[in-house]
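A.B. asks: Okay, here's the structure, questions in a sec.
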Amino acid sequence: MDVGIFGAGHFGLSLAALFDRAGHTVHIAGRRPVQLSKTLAEQGLRHTRAESLDDVFDSSALLVGAVQWLDLAALAAQLPDLEGKIWIDPANPYTRAEDGSVSAVPTDGRPHSAIVADLVGRAQLVKAFNGFTTPMFRSGPLTSQGRIVAPIAGDHPAALCRVAELIKPTGFMPIIVGNLTDSVVLEPGGALRALSNPLIAP
Ligand SMILES: NC(=O)c1ccc[n+]([C@@H]2O[C@H](COP(=O)([O-])OP(=O)(O)OC[C@H]3O[C@@H](n4cnc5c(N)ncnc54)[C@H](OP(=O)(O)O)[C@@H]3O)[C@@H](O)[C@H]2O)c1
């Protein structure tokens with residue numbers, strides 16, 4: 001499958017590596033394209049291409065918003081109408097300062113996915129991967145207790161199935177936990193995140 005990723009930082013590059021090694025074709029846009037092409041070559045990602053924002057947009061119906069929470073609105077504003085696109089949303093409302101310290105961004109009690117849904121307009125939003133960390137991608141889906149679950153949530157069954165198909169070859173186990181309202185269980189402090197992190201299917 002083709003998948004587009006916006007943002008080539010810690011998480012975008014980790015997702016690119018995950019999808020690339022699973023046999024997908026990855027189109028990724030960052031703000032430093034020359035450096036990004038070098039990084040992709042150094043990491044041996046043979047199915048991943050550094051592209052412009054517009055080319056990534058055109059590359060696939062599956063698009064990942066791998067930019068920081070406070071950059072999402074500006075990213076969405078740079079993109080054409082997202083009708084027909086599936087927006088895979090790993091974002092958590094945090095901001096990272098220059099010194100690396102992380103702080104929460106207030107969300108006024110709104111479900112995080114509802115805020116992102118407002119930004120991406122007519123795209124079909126699927127919450128996914130927000131409970132993952134980059135070391136989890138590196139160490140892979142299998143643990144001594146079982147397979148790591150990739151919970152996903154969204155309002156559009158066909159979009160959820162497409163995202164599940166994207167995830168399956170990575171070895172992580174996609175499980176649909178419900179619609180976007182239900183996706184609060186995936187937020188930091190949410191019921192599923194509190195249960196165990198990562199979730200393991202024995
Ligand atoms: N890191 C994790 O372990 C983790 C875990 C779960 C979820 N997430 C989520 O994943 C998202 C990304 O996190 P991160 O840790 O990867 O942040 P990051 O390392 O700061 O990477 C974000 C990247 O997005 C780029 N960017 C910002 N606006 C852009 C635009 N308009 N077009 C293209 N690129 C743009 C930034 O470029 P510049 O370098 O030029 O600013 C930066 O390279 C966040 O929403 C976060 O909540 C991260």
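As shown in the structure tokens, the chain order sets the letters A, B, ...; within each chain, residues go from 1, and ligands are also counted from 1 in the order they appear.
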Please check which protein, DNA or RNA residues sit within 7 Å of ligand 1, counting only C-alpha atoms and all ligand atoms, and write them as an MDAnalysis selection string.
C.D. replies: chainID A and resid 6:12 29:32 53 66:69 71 74:75 90:94 129:134
A.B. asks: Go ahead and dump the residues you just picked, C-alpha atoms, as a tab-separated table (two decimals), in the first residue's frame.
C.D. replies:
```
chain	number	residue	atom	x	y	z
A	6	PHE	CA	3.62	14.65	6.99
A	7	GLY	CA	6.45	15.40	9.41
A	8	ALA	CA	9.85	13.73	9.41
A	9	GLY	CA	10.75	14.06	13.07
A	10	HIS	CA	11.07	11.32	15.69
A	11	PHE	CA	7.68	9.78	15.08
A	12	GLY	CA	7.30	10.34	11.33
A	29	ALA	CA	7.40	15.31	3.63
A	30	GLY	CA	9.58	17.22	6.08
A	31	ARG	CA	10.79	20.78	6.20
A	32	ARG	CA	14.41	19.84	5.37
A	53	LEU	CA	3.88	18.28	0.74
A	66	ALA	CA	3.11	13.27	12.27
A	67	VAL	CA	3.69	16.87	13.31
A	68	GLN	CA	3.48	18.28	16.80
A	69	TRP	CA	0.04	19.19	18.11
A	71	ASP	CA	1.76	22.55	14.16
A	74	ALA	CA	-0.72	25.19	10.01
A	75	LEU	CA	-0.12	21.87	8.25
A	90	PRO	CA	-1.15	9.87	16.19
A	91	ALA	CA	-1.08	13.33	17.80
A	92	ASN	CA	-1.14	13.94	21.53
A	93	PRO	CA	-1.64	17.48	22.88
A	94	TYR	CA	1.87	18.12	24.06
A	129	PHE	CA	-0.46	4.97	17.15
A	130	ASN	CA	-0.76	7.78	19.71
A	131	GLY	CA	0.04	5.36	22.52
A	132	PHE	CA	3.18	4.10	20.79
A	133	THR	CA	6.71	5.22	21.46
A	134	THR	CA	9.58	5.15	19.00
```
A.B. asks: Which polymer residues have any atom within 9 Å of an atom of Thr181 in chain A, counting only C-alpha atoms, with same-chain residues fewer than 5 positions away left out, as a VMD selection string?
C.D. replies: chain A and resid 111 113 to 114 153 to 155
A.B. asks: Quick one: contact table of range 2-108 of chain A to range 160-174 of chain A, 10 Å max, nearest atom pair and distance in Å to one decimal per residue, counting only C-alpha atoms, chain and number order, as a tab-separated table?
C.D. replies:
```
residue	atom	partner	partner_atom	distance
A:Asp2	CA	A:Leu166	CA	8.9
A:Val3	CA	A:Leu166	CA	8.4
A:Leu18	CA	A:Thr170	CA	6.5
A:Phe19	CA	A:Thr170	CA	6.6
A:Asp20	CA	A:Thr170	CA	9.1
A:Arg21	CA	A:Thr170	CA	7.5
A:Ala22	CA	A:Thr170	CA	5.0
A:Gly23	CA	A:Pro169	CA	7.6
A:His24	CA	A:Leu166	CA	7.9
A:Ala61	CA	A:Arg162	CA	9.6
A:Leu62	CA	A:Val163	CA	7.8
A:Ile86	CA	A:Val163	CA	8.5
A:Trp87	CA	A:Val163	CA	9.7
A:Ile88	CA	A:Val163	CA	7.9
```
A.B. asks: Those residues with C-alpha atoms, as a PDB file, in the first residue's frame please?
C.D. replies:
```pdb
ATOM      1  CA  ASP A   2       1.046   3.615  -0.443  1.00  0.00           C
ATOM      2  CA  VAL A   3       1.050   5.808   2.642  1.00  0.00           C
ATOM      3  CA  LEU A  18       7.923   0.549  10.237  1.00  0.00           C
ATOM      4  CA  PHE A  19       5.848   0.796   7.060  1.00  0.00           C
ATOM      5  CA  ASP A  20       8.863   0.521   4.734  1.00  0.00           C
ATOM      6  CA  ARG A  21      10.018  -2.705   6.390  1.00  0.00           C
ATOM      7  CA  ALA A  22       6.467  -4.046   6.161  1.00  0.00           C
ATOM      8  CA  GLY A  23       6.641  -3.660   2.365  1.00  0.00           C
ATOM      9  CA  HIS A  24       4.584  -0.490   1.987  1.00  0.00           C
ATOM     10  CA  ALA A  61      -5.567   8.154   0.343  1.00  0.00           C
ATOM     11  CA  LEU A  62      -3.810   7.266   3.616  1.00  0.00           C
ATOM     12  CA  ILE A  86      -8.040   9.042   5.479  1.00  0.00           C
ATOM     13  CA  TRP A  87      -6.181  11.054   8.114  1.00  0.00           C
ATOM     14  CA  ILE A  88      -4.269   8.813  10.489  1.00  0.00           C
TER      15      ILE A  88
END
```
A.B. asks: Need to verify the contact set: range 136-139 of chain A, 9 Å, only C-alpha atoms, exclusion of same-chain residues closer than 6 positions in sequence. Can you return it as a list in words?
C.D. replies: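 So the residues in contact are Ser14, Leu15, Ala17, Leu18, Ile148 and Pro198 of chain A.
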A.B. asks: So how many Å separate CA of Ala150 in chain A and CA of Val116 in chain A, to one decimal?
C.D. replies: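 For CA of Ala150 in chain A relative to CA of Val116 in chain A, the distance reads 19.5 Å.
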A.B. asks: What lies within 9 Å of Gly146 in chain A using only C-alpha atoms, ignoring chain neighbours under 2 positions off, as JSON, numbers by chain?
C.D. replies: {"A": [141, 142, 143, 144, 148, 200, 201, 202]}
A.B. asks: Restricted to C-alpha atoms, what would the selected residues look like written as an mmCIF file, in the first residue's frame?
C.D. replies:
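Just written: part-v1.cif:
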```cif
data_model
loop_
_atom_site.group_PDB
_atom_site.id
_atom_site.type_symbol
_atom_site.label_atom_id
_atom_site.label_comp_id
_atom_site.auth_asym_id
_atom_site.auth_seq_id
_atom_site.Cartn_x
_atom_site.Cartn_y
_atom_site.Cartn_z
ATOM 1 C CA PRO A 141 5.554 -6.248 17.751
ATOM 2 C CA LEU A 142 6.485 -9.385 19.663
ATOM 3 C CA THR A 143 7.144 -9.434 23.388
ATOM 4 C CA SER A 144 7.620 -12.353 25.768
ATOM 5 C CA ILE A 148 1.556 -5.641 20.860
ATOM 6 C CA ILE A 200 -0.494 -6.968 24.646
ATOM 7 C CA ALA A 201 -2.583 -9.720 23.058
ATOM 8 C CA PRO A 202 -1.359 -12.950 24.705
#
```
A.B. asks: Quick one: residues within 10 Å of Glu51 in chain A, only C-alpha atoms, excluding same-chain residues fewer than 4 positions away - as a VMD selection string?
C.D. replies: chain A and resid 4 to 6 26 to 30 33 36 to 37 55 to 57 59
A.B. asks: Output C-alpha atoms for every residue in the selection just made, as a PDB file, in the first residue's frame.
C.D. replies:
```pdb
ATOM      1  CA  GLY A   4       1.884   9.493   3.010  1.00  0.00           C
ATOM      2  CA  ILE A   5       3.475  10.956   6.127  1.00  0.00           C
ATOM      3  CA  PHE A   6       3.617  14.655   6.985  1.00  0.00           C
ATOM      4  CA  VAL A  26       6.132   5.509   1.973  1.00  0.00           C
ATOM      5  CA  HIS A  27       5.961   9.129   0.820  1.00  0.00           C
ATOM      6  CA  ILE A  28       7.202  11.525   3.471  1.00  0.00           C
ATOM      7  CA  ALA A  29       7.400  15.309   3.628  1.00  0.00           C
ATOM      8  CA  GLY A  30       9.576  17.218   6.082  1.00  0.00           C
ATOM      9  CA  PRO A  33      14.137  17.709   2.209  1.00  0.00           C
ATOM     10  CA  LEU A  36      15.657  13.957   4.902  1.00  0.00           C
ATOM     11  CA  SER A  37      16.779  12.183   1.703  1.00  0.00           C
ATOM     12  CA  ASP A  55       3.302  15.122  -3.795  1.00  0.00           C
ATOM     13  CA  VAL A  56       2.727  13.337  -0.509  1.00  0.00           C
ATOM     14  CA  PHE A  57      -0.855  14.577  -0.550  1.00  0.00           C
ATOM     15  CA  SER A  59       0.442   9.875  -3.313  1.00  0.00           C
TER      16      SER A  59
END
```
A.B. asks: Between CA of Pro80 in chain A and CA of Ala50 in chain A, what distance in Å does the model show, to one decimal?
C.D. replies: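 Straight-line distance from CA of Pro80 in chain A to CA of Ala50 in chain A works out to 19.3 Å.
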A.B. asks: Taking only C-alpha atoms into account, which of A:Ala194, A:Leu70, A:Ala158, A:Val64 comes nearest Thr107 in chain A?
C.D. replies: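 The shortest atom-to-atom distance to Thr107 in chain A comes from A:Leu70.
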A.B. asks: May I ask which of the residues A:Glu42, A:Asp118, A:Asp58, A:Asp99 is the closest one to Ala73 in chain A, counting only C-alpha atoms?
C.D. replies: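 Using only C-alpha atoms, the shortest distance to Ala73 in chain A belongs to A:Asp118.
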A.B. asks: Tell me, which residues of range 40-188 of chain A carry DSSP strand (DSSP E), written as number ranges by chain?
C.D. replies: A: 48-50, 62-65, 86-89, 94-96, 102-104, 124-128, 142-143, 146-154, 173-178
A.B. asks: How far is it from CA of Val177 in chain A to CA of Ala128 in chain A, in Å with one decimal?
C.D. replies: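 Computed distance, CA of Val177 in chain A to CA of Ala128 in chain A, equals 10.4 Å.
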A.B. asks: Which residue, A:Gly100, A:Gly44, A:Pro151, A:Gly121, has the smallest gap to Asp182 in chain A when you use only C-alpha atoms?
C.D. replies: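 Closest to Asp182 in chain A, using only C-alpha atoms: A:Pro151.
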A.B. asks: In terms of the shortest atom-to-atom distance over only C-alpha atoms, which of A:Leu125, A:Ala97, A:Leu192, A:Leu40 is closest to Gly65 in chain A?
C.D. replies: A:Leu125
A.B. asks: Please give the complete set of residues from range 2-202 of chain A that DSSP, run on the backbone, assigns to alpha helix (DSSP H), formatted as number ranges by chain.
C.D. replies: A: 10-21, 33-42, 53-59, 72-78, 112-119, 134-139, 157-167, 191-195
A.B. asks: Leaving out Lys85 in chain A and any residue of its chain fewer than 4 positions from it, which residues lie within 8 Å of it when counting only C-alpha atoms, given as a list of chain:residue names?
C.D. replies: A:Ser60, A:Ala61, A:Leu62, A:Leu63, A:Arg122, A:Ala123, A:Gln124
A.B. asks: Could you check the closest approach to Arg110 in chain A for each of A:Lys127, A:Thr48, A:Ser183, A:Ile152 and tell me which residue wins, using only C-alpha atoms?
C.D. replies: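 Under the stated criterion, the closest residue is A:Ser183.
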